[in-house]
Each structure stands twice: as structure tokens, then as C-alpha cells.
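**Student:** Structure file target.txt (compact mmCIF, C-alpha atoms) is given on the next line.
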```txt
# COMPACT_ATOMS: atom_id res chain seq x y z
CA ARG H 5 100.24 139.16 19.78
CA GLU H 6 102.48 142.19 19.53
CA ARG H 7 106.15 141.85 20.26
CA ALA H 8 108.19 144.32 22.28
CA GLU H 9 110.90 146.34 20.63
CA VAL H 10 114.35 146.67 22.12
CA ALA H 11 115.17 150.30 22.82
CA VAL H 12 118.52 151.67 21.76
CA GLY H 13 121.05 150.88 24.48
CA GLN H 14 118.77 148.36 26.15
CA GLN H 15 120.08 144.86 26.74
CA GLU H 16 118.34 141.70 25.73
CA ALA H 17 118.48 138.35 27.50
CA VAL H 18 118.14 135.08 25.66
CA LEU H 19 116.50 132.42 27.82
CA ASP H 20 115.66 128.76 27.27
CA LEU H 21 112.32 128.21 29.00
CA ALA H 22 110.98 124.81 30.02
CA PRO H 23 107.22 124.35 29.76
CA GLY H 24 106.80 125.31 33.43
CA ALA H 25 108.31 128.75 32.76
CA ARG H 26 106.63 129.56 29.46
CA TRP H 27 104.19 131.82 31.31
CA ILE H 28 107.00 134.39 31.18
CA THR H 29 105.94 135.12 27.58
CA ASP H 30 102.48 136.09 28.84
CA VAL H 31 103.61 138.57 31.49
CA HIS H 32 106.85 140.02 30.13
CA PRO H 33 107.33 141.66 26.74
CA VAL H 34 109.47 139.43 24.55
CA THR H 35 110.87 140.25 21.13
CA THR H 36 110.95 136.69 19.79
CA VAL H 37 109.78 133.25 20.86
CA SER H 38 110.97 130.12 19.09
CA ALA H 39 108.71 127.24 18.19
CA PRO H 40 108.66 124.65 20.99
CA ASP H 41 111.24 121.88 20.68
CA GLY H 42 110.44 118.21 21.26
CA ASP H 43 110.44 118.72 25.03
CA GLY H 44 108.28 121.85 24.90
CA HIS H 45 111.15 124.28 25.54
CA VAL H 46 111.15 127.65 23.83
CA VAL H 47 113.95 130.18 23.41
CA VAL H 48 112.90 133.76 24.08
CA HIS H 49 114.56 137.13 23.63
CA LEU H 50 113.59 139.35 26.54
CA PRO H 51 114.49 143.05 26.76
CA ILE H 52 116.03 143.82 30.14
CA HIS H 53 117.01 147.03 31.88
CA SER H 54 119.22 145.35 34.47
CA LEU H 55 121.34 142.22 34.65
CA ALA H 56 120.49 141.98 38.36
CA TRP H 57 116.77 141.86 37.55
CA ALA H 58 117.30 139.19 34.89
CA GLN H 59 119.46 137.17 37.28
CA ARG H 60 116.71 137.24 39.93
CA LEU H 61 114.11 136.23 37.34
CA VAL H 62 116.09 133.22 36.15
CA LEU H 63 116.97 132.10 39.68
CA SER H 64 113.35 132.48 40.79
CA LEU H 65 112.28 130.01 38.11
CA ARG H 66 114.17 127.23 39.94
CA GLY H 67 115.73 125.45 36.99
CA GLU H 68 112.85 126.02 34.56
CA ALA H 69 114.87 128.71 32.75
CA VAL H 70 118.45 128.74 31.52
CA ALA H 71 120.22 131.97 30.61
CA LEU H 72 121.94 131.66 27.23
CA GLU H 73 122.97 135.28 26.56
CA PRO H 74 124.50 137.71 27.36
CA PRO H 75 127.57 136.05 28.86
CA GLU H 76 127.42 138.39 31.86
CA LEU H 77 123.95 137.08 32.70
CA VAL H 78 125.04 133.45 32.34
CA THR H 79 127.88 134.12 34.79
CA ALA H 80 125.66 136.07 37.20
CA VAL H 81 123.08 133.26 37.30
CA ALA H 82 125.75 130.61 37.90
CA ASP H 83 127.35 132.72 40.64
CA GLY H 84 123.97 133.34 42.28
CA ALA H 85 123.10 129.64 42.22
CA ARG H 86 126.47 128.70 43.74
CA ALA H 87 126.04 131.31 46.47
CA ALA H 88 122.56 130.03 47.29
CA LEU H 89 123.77 126.44 47.51
CA ALA H 90 126.74 127.46 49.65
CA ALA H 91 124.38 129.11 52.12
CA TYR H 92 122.86 125.69 52.75
CA SER H 93 126.03 123.61 52.71
CA ASP H 94 126.30 123.52 56.49
CA ARG H 95 122.74 122.28 56.81
CA LEU H 96 123.06 119.64 54.10
CA GLY H 97 126.34 118.10 55.21
```
Would you kindly transcribe this structure into C-alpha cells?

**Tutor:**
Amino acid sequence: RERAEVAVGQQEAVLDLAPGARWITDVHPVTTVSAPDGDGHVVVHLPIHSLAWAQRLVLSLRGEAVALEPPELVTAVADGARAALAAYSDRLG
């Protein structure tokens, strides 16, 4: 299958995908996909136009994807997850 090319000035996210999120490689253009590890995880390089979009994508995968790069995305995902959990803290405690 053809791989996407990263346009000049375009960012690229590096994501660790669990087997339940590997469908991402079928619906989004990726530049590289690693061979699956022993647990079936793959590391993908995904061109992105927006950190906000990438953050929403990772958060929507509910733990099946981990952002590895760029550092700004890693921070944005962590911040988003903390904010989501904080919204429920009153109801959980």
C-alpha cells in the first residue's frame, strides 16, 4: 500500500498503537508502520496538520494509542486526559 508523504512544514506524530487501534493505518495516511511487537503494538508516523486534531484522535482511542512525539503532543494528550478525569472527580469521590 502506498505511504503518505510529509509536506514541507507539516508536522508528524509518532504513535504507539495497540491492536485495537491499528485500524488507524487503514483510514489515515501514515508514512511508516513498524512491524508488530510481541503484544501486537505498532509504531506509526502520522502526518498531522494540527496538534489539537492529533490530541483529539489519541484521546478518542481511550488508551489504545500513546503519543510518543512530538513532545507538544505528548503534553497536550496528558493535559487533556487530566482535564477529562478532573471533570468526573466530583462524581467518583

**Student:** Just want the 6 Å neighbourhood of stretch 25-41 of chain H, counted on all atoms listed in the file, with same-chain residues fewer than 4 positions away dropped. Output as a ChimeraX atom specification.

**Tutor:** /H:7-8,21,45-50,68

**Student:** Kindly provide, as JSON, the centre and edge lengths (Å, one decimal) of an axis-aligned box around all atoms of stretch 67-84 of chain H given in the file, with 3 Å on each side.

**Tutor:**
```
{"center_x": 120.4, "center_y": 131.9, "center_z": 34.4, "size_x": 21.0, "size_y": 18.9, "size_z": 21.7}
```

**Student:** Here's a test: counting only C-alpha atoms, identify every protein, DNA and RNA residue with an atom at most 12 Å from (117.4, 131.6, 31.7) in the file's coordinate frame, and state them as a PyMOL selection string.

**Tutor:** chain H and resi 16-22+25-26+28+45-50+55+57-75+77-82

**Student:** Select, from H:Gly44, H:Gln14, H:Ala56, H:Pro51, the residue with the minimum atom-to-atom distance to H:Gly84, counting all atoms listed in the file.

**Tutor:**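 Once distances to H:Gly84 are computed over all atoms listed in the file, the minimum belongs to H:Ala56.
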